[in-house]
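Chemist: Got entry00.txt for you, compact mmCIF, C-alpha atoms:
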# COMPACT_ATOMS: atom_id res chain seq x y z
CA MET A 1 13.20 -22.63 37.57
CA PHE A 2 11.02 -21.65 34.61
CA SER A 3 14.06 -21.34 32.37
CA SER A 4 14.99 -24.94 33.18
CA LEU A 5 11.71 -26.00 31.56
CA MET A 6 12.67 -24.27 28.33
CA PRO A 7 15.82 -25.93 26.95
CA GLN A 8 17.68 -24.34 24.11
CA ARG A 9 16.57 -25.56 20.69
CA ARG A 10 20.01 -27.01 20.07
CA GLU A 11 19.65 -29.53 22.94
CA PHE A 12 17.01 -31.53 21.09
CA TYR A 13 18.82 -31.33 17.76
CA GLU A 14 22.17 -32.25 19.29
CA LEU A 15 20.70 -35.30 20.99
CA LEU A 16 18.91 -36.39 17.82
CA ALA A 17 22.17 -36.00 15.88
CA ALA A 18 24.10 -37.97 18.52
CA HIS A 19 21.44 -40.68 18.38
CA SER A 20 21.77 -40.98 14.61
CA ASP A 21 25.58 -40.94 14.93
CA ARG A 22 25.28 -44.27 16.77
CA VAL A 23 23.23 -45.60 13.88
CA VAL A 24 26.03 -44.77 11.43
CA ALA A 25 28.64 -46.39 13.67
CA GLY A 26 26.48 -49.49 14.05
CA ALA A 27 25.82 -49.67 10.30
CA ASN A 28 29.53 -49.40 9.49
CA ALA A 29 30.31 -52.22 11.93
CA MET A 30 27.53 -54.31 10.41
CA LEU A 31 28.91 -53.66 6.92
CA ARG A 32 32.39 -54.78 7.95
CA LEU A 33 30.88 -57.83 9.63
CA VAL A 34 28.98 -58.96 6.52
CA ASN A 35 31.92 -58.24 4.23
CA CYS A 36 34.39 -60.24 6.32
CA LEU A 37 32.35 -63.45 6.44
CA GLY A 38 34.33 -66.33 4.99
CA GLU A 39 37.68 -64.57 5.40
CA ARG A 40 40.42 -65.83 7.65
CA ASN A 41 41.72 -63.89 10.65
CA GLN A 42 38.54 -61.83 10.93
CA ASP A 43 36.98 -61.47 14.37
CA VAL A 44 33.28 -61.75 13.58
CA ALA A 45 32.36 -61.82 17.27
CA ALA A 46 34.18 -58.53 17.91
CA LEU A 47 32.33 -56.81 15.07
CA ALA A 48 28.99 -58.14 16.32
CA GLN A 49 29.90 -56.81 19.76
CA GLU A 50 30.70 -53.42 18.21
CA VAL A 51 27.19 -53.26 16.76
CA ASP A 52 25.79 -54.24 20.15
CA GLN A 53 27.79 -51.56 21.95
CA ASN A 54 26.50 -48.89 19.59
CA GLU A 55 22.95 -50.09 20.22
CA LYS A 56 23.47 -49.79 23.98
CA SER A 57 24.97 -46.33 23.57
CA ALA A 58 22.00 -45.32 21.41
CA ASP A 59 19.64 -46.52 24.15
CA LYS A 60 21.22 -44.10 26.61
CA ILE A 61 20.80 -41.21 24.18
CA LYS A 62 17.18 -42.23 23.54
CA ALA A 63 16.53 -42.20 27.29
CA ALA A 64 18.08 -38.73 27.58
CA LEU A 65 15.92 -37.46 24.73
CA ILE A 66 12.72 -38.80 26.22
CA GLN A 67 13.64 -37.40 29.63
CA LEU A 68 14.26 -33.99 28.05
CA LEU A 69 10.86 -34.19 26.36
CA HIS A 70 9.14 -34.97 29.66
CA LYS A 71 10.72 -32.10 31.57
CA SER A 72 10.49 -29.47 28.82
CA PHE A 73 7.72 -26.92 28.71
CA THR A 74 8.37 -26.11 25.06
CA THR A 75 10.01 -27.95 22.18
CA PRO A 76 11.48 -26.61 18.92
CA ILE A 77 9.22 -28.86 16.84
CA ASN A 78 6.10 -30.88 17.57
CA ARG A 79 6.61 -32.92 20.74
CA ASP A 80 5.00 -36.05 19.31
CA GLN A 81 7.14 -35.84 16.18
CA ILE A 82 10.33 -35.62 18.24
CA HIS A 83 9.23 -38.71 20.15
CA THR A 84 8.32 -40.56 16.95
CA LEU A 85 11.64 -39.74 15.29
CA THR A 86 13.54 -40.79 18.41
CA ILE A 87 11.78 -44.16 18.45
CA GLU A 88 12.29 -44.66 14.71
CA ILE A 89 16.02 -43.93 14.96
CA ASP A 90 16.14 -46.43 17.81
CA GLN A 91 14.39 -49.00 15.61
CA VAL A 92 17.09 -48.59 12.95
CA ILE A 93 19.90 -49.44 15.38
CA ASN A 94 17.82 -52.31 16.79
CA ALA A 95 17.40 -53.66 13.24
CA LEU A 96 21.17 -53.45 12.72
CA ARG A 97 21.70 -55.38 15.93
CA ARG A 98 19.33 -58.12 14.75
CA VAL A 99 21.37 -58.50 11.55
CA ALA A 100 24.58 -58.89 13.57
CA GLN A 101 22.92 -61.38 15.94
CA ALA A 102 21.59 -63.42 13.02
CA VAL A 103 25.12 -64.13 11.77
CA GLU A 104 25.78 -66.19 14.90
CA MET A 105 22.21 -67.41 15.38
CA TYR A 106 21.99 -68.89 11.88
CA ASN A 107 25.66 -69.86 11.76
CA ILE A 108 26.28 -67.84 8.61
CA LYS A 109 29.88 -68.53 7.68
CA ASP A 110 30.14 -67.07 4.18
CA SER A 111 29.21 -63.78 2.61
CA THR A 112 27.09 -63.53 -0.53
CA VAL A 113 26.98 -60.90 -3.25
CA GLU A 114 23.43 -59.96 -2.27
CA GLY A 115 24.28 -59.84 1.42
CA ARG A 116 27.20 -57.48 0.77
CA GLU A 117 25.08 -55.31 -1.51
CA MET A 118 22.32 -54.99 1.06
CA ALA A 119 24.80 -54.28 3.85
CA SER A 120 26.31 -51.52 1.73
CA LEU A 121 22.87 -50.08 1.01
CA GLY A 122 22.07 -50.20 4.72
CA ALA A 123 25.21 -48.25 5.58
CA ASP A 124 24.41 -45.70 2.84
CA ALA A 125 20.84 -45.22 4.06
CA CYS A 126 22.01 -44.80 7.67
CA LEU A 127 24.57 -42.21 6.62
CA ARG A 128 21.96 -40.20 4.74
CA LEU A 129 19.57 -40.45 7.69
CA ASN A 130 22.29 -39.10 9.96
CA GLN A 131 22.96 -36.23 7.56
CA ALA A 132 19.25 -35.37 7.38
CA VAL A 133 18.86 -35.43 11.17
CA THR A 134 21.99 -33.33 11.65
CA LEU A 135 20.59 -30.64 9.32
CA LEU A 136 17.12 -30.71 10.84
CA GLY A 137 17.59 -27.56 12.91
CA ASP A 138 18.71 -25.46 9.95
CA LYS A 139 15.71 -24.12 8.04
CA LYS A 140 18.01 -22.93 5.26
CA ARG A 141 18.87 -26.56 4.45
CA THR A 142 15.31 -27.82 3.97
CA ALA A 143 15.89 -28.66 0.31
CA ASP A 144 19.02 -30.64 1.21
CA ILE A 145 17.15 -32.59 3.88
CA ILE A 146 14.32 -33.44 1.48
CA GLU A 147 16.85 -34.66 -1.09
CA LEU A 148 18.50 -36.91 1.51
CA CYS A 149 15.11 -38.36 2.45
CA LYS A 150 14.33 -39.05 -1.22
CA GLN A 151 17.69 -40.78 -1.58
CA ILE A 152 16.83 -43.04 1.36
CA GLU A 153 13.57 -44.00 -0.35
CA VAL A 154 15.46 -44.83 -3.56
CA ILE A 155 17.95 -46.95 -1.60
CA GLU A 156 15.12 -48.83 0.10
CA SER A 157 13.49 -49.60 -3.25
CA LYS A 158 16.80 -50.91 -4.60
CA GLY A 159 17.26 -53.09 -1.52
CA ASP A 160 13.76 -54.47 -1.93
CA ARG A 161 14.52 -55.52 -5.51
CA ILE A 162 17.80 -57.16 -4.47
CA GLU A 163 16.08 -59.06 -1.67
CA ARG A 164 13.32 -60.40 -3.95
CA SER A 165 15.83 -61.47 -6.58
CA ALA A 166 18.09 -63.11 -4.01
CA VAL A 167 15.26 -65.07 -2.39
CA THR A 168 13.97 -66.22 -5.77
CA ARG A 169 17.42 -67.59 -6.64
CA LEU A 170 17.70 -69.35 -3.28
CA PHE A 171 14.68 -71.51 -4.01
CA GLU A 172 15.51 -72.02 -7.70
CA ALA A 173 19.01 -73.32 -7.12
CA GLY A 174 17.96 -76.72 -5.81
CA GLY A 175 20.30 -76.44 -2.85
CA SER A 176 19.79 -77.07 0.84
CA PRO A 177 16.32 -76.00 2.05
CA TRP A 178 17.84 -75.08 5.44
CA ILE A 179 20.36 -72.73 3.83
CA ALA A 180 17.62 -71.21 1.68
CA MET A 181 15.39 -70.58 4.70
CA LYS A 182 18.07 -69.08 6.90
CA MET A 183 19.39 -66.84 4.14
CA ARG A 184 15.84 -65.70 3.32
CA GLU A 185 15.47 -64.65 6.95
CA PHE A 186 18.88 -62.97 6.91
CA TYR A 187 18.06 -60.95 3.80
CA GLY A 188 14.75 -60.00 5.37
CA LEU A 189 16.54 -58.62 8.43
CA GLN A 190 18.83 -56.59 6.18
CA GLU A 191 15.82 -55.22 4.31
CA ASP A 192 14.26 -54.26 7.64
CA VAL A 193 17.17 -51.87 8.26
CA LEU A 194 16.26 -50.06 5.04
CA ASP A 195 12.55 -50.07 5.92
CA ARG A 196 13.29 -48.47 9.29
CA CYS A 197 15.46 -45.81 7.67
CA GLU A 198 12.64 -45.03 5.27
CA ASP A 199 10.16 -44.72 8.15
CA ALA A 200 12.42 -42.18 9.86
CA ALA A 201 12.91 -40.30 6.57
CA LYS A 202 9.13 -40.00 6.14
CA THR A 203 8.80 -38.60 9.65
CA ILE A 204 11.48 -36.03 8.87
CA GLU A 205 9.57 -35.02 5.75
CA GLU A 206 6.41 -34.62 7.84
CA ILE A 207 8.33 -32.44 10.30
CA LEU A 208 9.52 -30.22 7.46
CA ILE A 209 6.02 -29.88 6.03
CA GLU A 210 4.53 -28.95 9.39
CA ASN A 211 7.25 -26.42 10.12
CA SER A 212 7.49 -24.86 6.67
Kindly present the structure from the file in structure tokens form.

Modeler:
Amino acid sequence: MFSSLMPQRREFYELLAAHSDRVVAGANAMLRLVNCLGERNQDVAALAQEVDQNEKSADKIKAALIQLLHKSFTTPINRDQIHTLTIEIDQVINALRRVAQAVEMYNIKDSTVEGREMASLGADACLRLNQAVTLLGDKKRTADIIELCKQIEVIESKGDRIERSAVTRLFEAGGSPWIAMKMREFYGLQEDVLDRCEDAAKTIEEILIENS
């Protein structure tokens, strides 16, 4: 009975890695969705559903992680930090889902250069987050994890610059105010994906510092 309260270290790390795997899958579907806007014979609804399915799958993994936390007597790293990282990974996939939902909600029919750039940055940040989480249990890879977290921060800064520039152009172009407002919101949702990735990266850095 006592041994059941002390799961192997790998259980937490494997669940965290599986959780972040869903983020990568969702980000890749979101990237394909944004890139295919305006093209014929592309099933936008199916890609949006793919993002949604990954979010639902991630929810199940999150629930399993939290349940494991509740029943475990010991944890390989700080219990609160595991919970925080789990929630932050969940917030990334939720942000991806909001981007996919916005395509239909705002009736976005065409892709833009900035939208494609930000979608690509989002997929890159999610991939690096997944790589960092996957390496988290290997103390020999601390330097690699830190580098991945720094890369996420650089990606977020680049996305922030693209968003500001894109929004500025929207309101300088003299076009439809409705289009400008809905695209501003859409770019903001894309930037939120990067912000959530950066939050998770900072938590990973804190975990490394505390366990160094």

Chemist: Find the residues around Cys149 in chain A up to 10 Å (all atoms listed in the file counted), leave out those fewer than 6 positions away in its own chain, and share them as number ranges by chain.

Modeler: A: 125, 128-129, 131-133, 143, 155, 197-205

Chemist: From the options A:Arg22, A:His83, A:Lys139, A:Arg116, which residue's atoms come nearest to Arg97 in chain A, counting all atoms listed in the file?

Modeler: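 Checking each of A:Arg22, A:His83, A:Lys139, A:Arg116 against Arg97 in chain A, counting all atoms listed in the file, the winner is A:Arg22.
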
Chemist: So, with all atoms listed in the file as the atoms that count, which of A:Ile145, A:Val103, A:Ala25, A:Val51 lies closest to Gly115 in chain A?

Modeler: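 Of A:Ile145, A:Val103, A:Ala25, A:Val51, the one nearest Gly115 in chain A is A:Val103, counting all atoms listed in the file.
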
Chemist: Which one is closest to Ala45 in chain A: A:Asn130, A:Gln81, A:Gln101, A:Thr86? Count all atoms listed in the file.

Modeler: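 Smallest distance to Ala45 in chain A is found for A:Gln101.
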
Chemist: Ranking A:Leu96, A:Thr74, A:Asp192, A:Glu163 by minimum distance to Met30 in chain A and counting all atoms listed in the file, which one comes first?

Modeler: A:Leu96

Chemist: State, in Å with one decimal place, the distance from CA of Asn54 in chain A to CA of Gly26 in chain A.

Modeler: 5.6 Å

Chemist: For Arg196 in chain A, please output as a list in words all residues within 8 Å (counting only C-alpha atoms; exclusion window: fewer than 6 positions along the same chain).

Modeler: Glu88, Ile89, Gln91, Val92 and Ala95 of chain A

Chemist: What does the distance between CA of Met118 in chain A and CA of Leu31 in chain A come to in Å, to one decimal place?

Modeler: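 Straight-line distance from CA of Met118 in chain A to CA of Leu31 in chain A works out to 8.9 Å.
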
Chemist: Restricting the calculation to all atoms listed in the file: of A:Ile77, A:Leu127, A:Ala27, A:Met183, which residue gets closest to Glu206 in chain A?

Modeler: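 Distance minimum relative to Glu206 in chain A lands on A:Ile77.
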
Chemist: May I have the residues within 9 Å of Leu135 in chain A as a list in words, using all atoms listed in the file and disregarding those fewer than 6 positions away in the same chain?

Modeler: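 Close residues of Leu135 in chain A: Tyr13, Ala17, Arg141, Thr142, Asp144 and Ile145 of chain A.
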
Chemist: Pick from A:Ile93, A:Leu121, A:Met181, A:Val99: nearest to Asp21 in chain A, with only C-alpha atoms counted?

Modeler: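 Selected residue with least distance to Asp21 in chain A: A:Ile93.
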
Chemist: Can you measure CA of Leu68 in chain A to CA of Gln53 in chain A for me? One decimal in Å is fine.

Modeler: 23.0 Å

Chemist: Determine, counting all atoms listed in the file, which protein, DNA and RNA residues have an atom within 10 Å of an atom of Tyr187 in chain A; residues of the same chain fewer than 2 positions away are not included. Present the result as a list in words.

Modeler: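 In the requested format, the answer is Val99, Glu114, Gly115, Met118, Ala119, Gly159, Asp160, Ile162, Glu163, Arg164, Ala166, Val167, Lys182, Met183, Arg184, Glu185, Leu189, Gln190, Glu191 and Asp192 of chain A.
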
Chemist: Near Phe12 in chain A, counting all atoms listed in the file, which residues have an atom at most 10 Å away, once you skip same-chain residues fewer than 2 positions from it, shown as a PyMOL selection string?

Modeler: chain A and resi 7-10+14-18+64-66+68-69+75-77+82+137

Chemist: Can you patch up range 9-20 of chain A, filling it in to all heavy atoms, and show the result as an mmCIF file, in the coordinates of the input?

Modeler:
data_model
loop_
_atom_site.group_PDB
_atom_site.id
_atom_site.type_symbol
_atom_site.label_atom_id
_atom_site.label_comp_id
_atom_site.auth_asym_id
_atom_site.auth_seq_id
_atom_site.Cartn_x
_atom_site.Cartn_y
_atom_site.Cartn_z
ATOM 1 N N ARG A 9 16.936 -24.726 21.851
ATOM 2 C CA ARG A 9 16.570 -25.560 20.690
ATOM 3 C C ARG A 9 17.660 -26.558 20.358
ATOM 4 O O ARG A 9 17.386 -27.684 19.979
ATOM 5 C CB ARG A 9 16.303 -24.658 19.481
ATOM 6 C CG ARG A 9 15.090 -23.765 19.618
ATOM 7 C CD ARG A 9 15.023 -22.782 18.459
ATOM 8 N NE ARG A 9 14.834 -23.447 17.193
ATOM 9 C CZ ARG A 9 13.640 -23.698 16.641
ATOM 10 N NH1 ARG A 9 12.543 -23.349 17.259
ATOM 11 N NH2 ARG A 9 13.544 -24.297 15.484
ATOM 12 N N ARG A 10 18.906 -26.152 20.504
ATOM 13 C CA ARG A 10 20.010 -27.010 20.070
ATOM 14 C C ARG A 10 20.095 -28.312 20.888
ATOM 15 O O ARG A 10 20.646 -29.305 20.405
ATOM 16 C CB ARG A 10 21.325 -26.256 20.154
ATOM 17 C CG ARG A 10 21.773 -25.881 21.552
ATOM 18 C CD ARG A 10 23.147 -25.221 21.529
ATOM 19 N NE ARG A 10 23.570 -24.859 22.864
ATOM 20 C CZ ARG A 10 23.295 -23.715 23.455
ATOM 21 N NH1 ARG A 10 22.577 -22.797 22.813
ATOM 22 N NH2 ARG A 10 23.729 -23.457 24.680
ATOM 23 N N GLU A 11 19.565 -28.318 22.117
ATOM 24 C CA GLU A 11 19.650 -29.530 22.940
ATOM 25 C C GLU A 11 18.943 -30.702 22.272
ATOM 26 O O GLU A 11 19.463 -31.815 22.234
ATOM 27 C CB GLU A 11 19.067 -29.275 24.323
ATOM 28 C CG GLU A 11 19.901 -28.360 25.199
ATOM 29 C CD GLU A 11 19.321 -28.252 26.601
ATOM 30 O OE1 GLU A 11 19.312 -29.275 27.318
ATOM 31 O OE2 GLU A 11 18.869 -27.156 26.963
ATOM 32 N N PHE A 12 17.748 -30.471 21.762
ATOM 33 C CA PHE A 12 17.010 -31.530 21.090
ATOM 34 C C PHE A 12 17.741 -31.961 19.820
ATOM 35 O O PHE A 12 17.904 -33.162 19.560
ATOM 36 C CB PHE A 12 15.597 -31.064 20.750
ATOM 37 C CG PHE A 12 14.681 -31.020 21.930
ATOM 38 C CD1 PHE A 12 14.384 -29.814 22.543
ATOM 39 C CD2 PHE A 12 14.116 -32.183 22.429
ATOM 40 C CE1 PHE A 12 13.532 -29.770 23.634
ATOM 41 C CE2 PHE A 12 13.256 -32.150 23.519
ATOM 42 C CZ PHE A 12 12.962 -30.937 24.126
ATOM 43 N N TYR A 13 18.155 -31.005 19.025
ATOM 44 C CA TYR A 13 18.820 -31.330 17.760
ATOM 45 C C TYR A 13 20.155 -32.033 17.981
ATOM 46 O O TYR A 13 20.512 -32.952 17.231
ATOM 47 C CB TYR A 13 19.016 -30.049 16.940
ATOM 48 C CG TYR A 13 17.719 -29.427 16.470
ATOM 49 C CD1 TYR A 13 17.431 -28.095 16.734
ATOM 50 C CD2 TYR A 13 16.776 -30.179 15.773
ATOM 51 C CE1 TYR A 13 16.237 -27.510 16.299
ATOM 52 C CE2 TYR A 13 15.584 -29.614 15.342
ATOM 53 C CZ TYR A 13 15.320 -28.284 15.610
ATOM 54 O OH TYR A 13 14.137 -27.725 15.187
ATOM 55 N N GLU A 14 20.882 -31.609 19.013
ATOM 56 C CA GLU A 14 22.170 -32.250 19.290
ATOM 57 C C GLU A 14 21.987 -33.691 19.738
ATOM 58 O O GLU A 14 22.756 -34.577 19.346
ATOM 59 C CB GLU A 14 22.927 -31.448 20.351
ATOM 60 C CG GLU A 14 23.505 -30.136 19.829
ATOM 61 C CD GLU A 14 24.085 -29.266 20.934
ATOM 62 O OE1 GLU A 14 23.977 -29.662 22.123
ATOM 63 O OE2 GLU A 14 24.650 -28.204 20.617
ATOM 64 N N LEU A 15 20.964 -33.931 20.554
ATOM 65 C CA LEU A 15 20.700 -35.300 20.990
ATOM 66 C C LEU A 15 20.217 -36.176 19.846
ATOM 67 O O LEU A 15 20.618 -37.348 19.720
ATOM 68 C CB LEU A 15 19.680 -35.307 22.132
ATOM 69 C CG LEU A 15 20.212 -34.948 23.518
ATOM 70 C CD1 LEU A 15 19.072 -34.780 24.513
ATOM 71 C CD2 LEU A 15 21.194 -36.003 24.018
ATOM 72 N N LEU A 16 19.360 -35.634 18.992
ATOM 73 C CA LEU A 16 18.910 -36.390 17.820
ATOM 74 C C LEU A 16 20.094 -36.727 16.908
ATOM 75 O O LEU A 16 20.197 -37.854 16.396
ATOM 76 C CB LEU A 16 17.856 -35.598 17.049
ATOM 77 C CG LEU A 16 16.464 -35.546 17.663
ATOM 78 C CD1 LEU A 16 15.608 -34.493 16.956
ATOM 79 C CD2 LEU A 16 15.772 -36.906 17.591
ATOM 80 N N ALA A 17 20.987 -35.760 16.722
ATOM 81 C CA ALA A 17 22.170 -36.000 15.880
ATOM 82 C C ALA A 17 23.075 -37.053 16.508
ATOM 83 O O ALA A 17 23.587 -37.946 15.814
ATOM 84 C CB ALA A 17 22.931 -34.693 15.671
ATOM 85 N N ALA A 18 23.268 -36.974 17.831
ATOM 86 C CA ALA A 18 24.100 -37.970 18.520
ATOM 87 C C ALA A 18 23.478 -39.358 18.420
ATOM 88 O O ALA A 18 24.188 -40.360 18.252
ATOM 89 C CB ALA A 18 24.267 -37.570 19.985
ATOM 90 N N HIS A 19 22.153 -39.408 18.510
ATOM 91 C CA HIS A 19 21.440 -40.680 18.380
ATOM 92 C C HIS A 19 21.679 -41.284 16.990
ATOM 93 O O HIS A 19 21.999 -42.487 16.861
ATOM 94 C CB HIS A 19 19.944 -40.426 18.601
ATOM 95 C CG HIS A 19 19.183 -41.649 18.988
ATOM 96 N ND1 HIS A 19 17.811 -41.696 18.985
ATOM 97 C CD2 HIS A 19 19.578 -42.883 19.375
ATOM 98 C CE1 HIS A 19 17.403 -42.895 19.365
ATOM 99 N NE2 HIS A 19 18.451 -43.634 19.603
ATOM 100 N N SER A 20 21.563 -40.470 15.970
ATOM 101 C CA SER A 20 21.770 -40.980 14.610
ATOM 102 C C SER A 20 23.241 -41.260 14.320
ATOM 103 O O SER A 20 23.560 -42.078 13.446
ATOM 104 C CB SER A 20 21.183 -40.009 13.571
ATOM 105 O OG SER A 20 21.844 -38.770 13.585
#
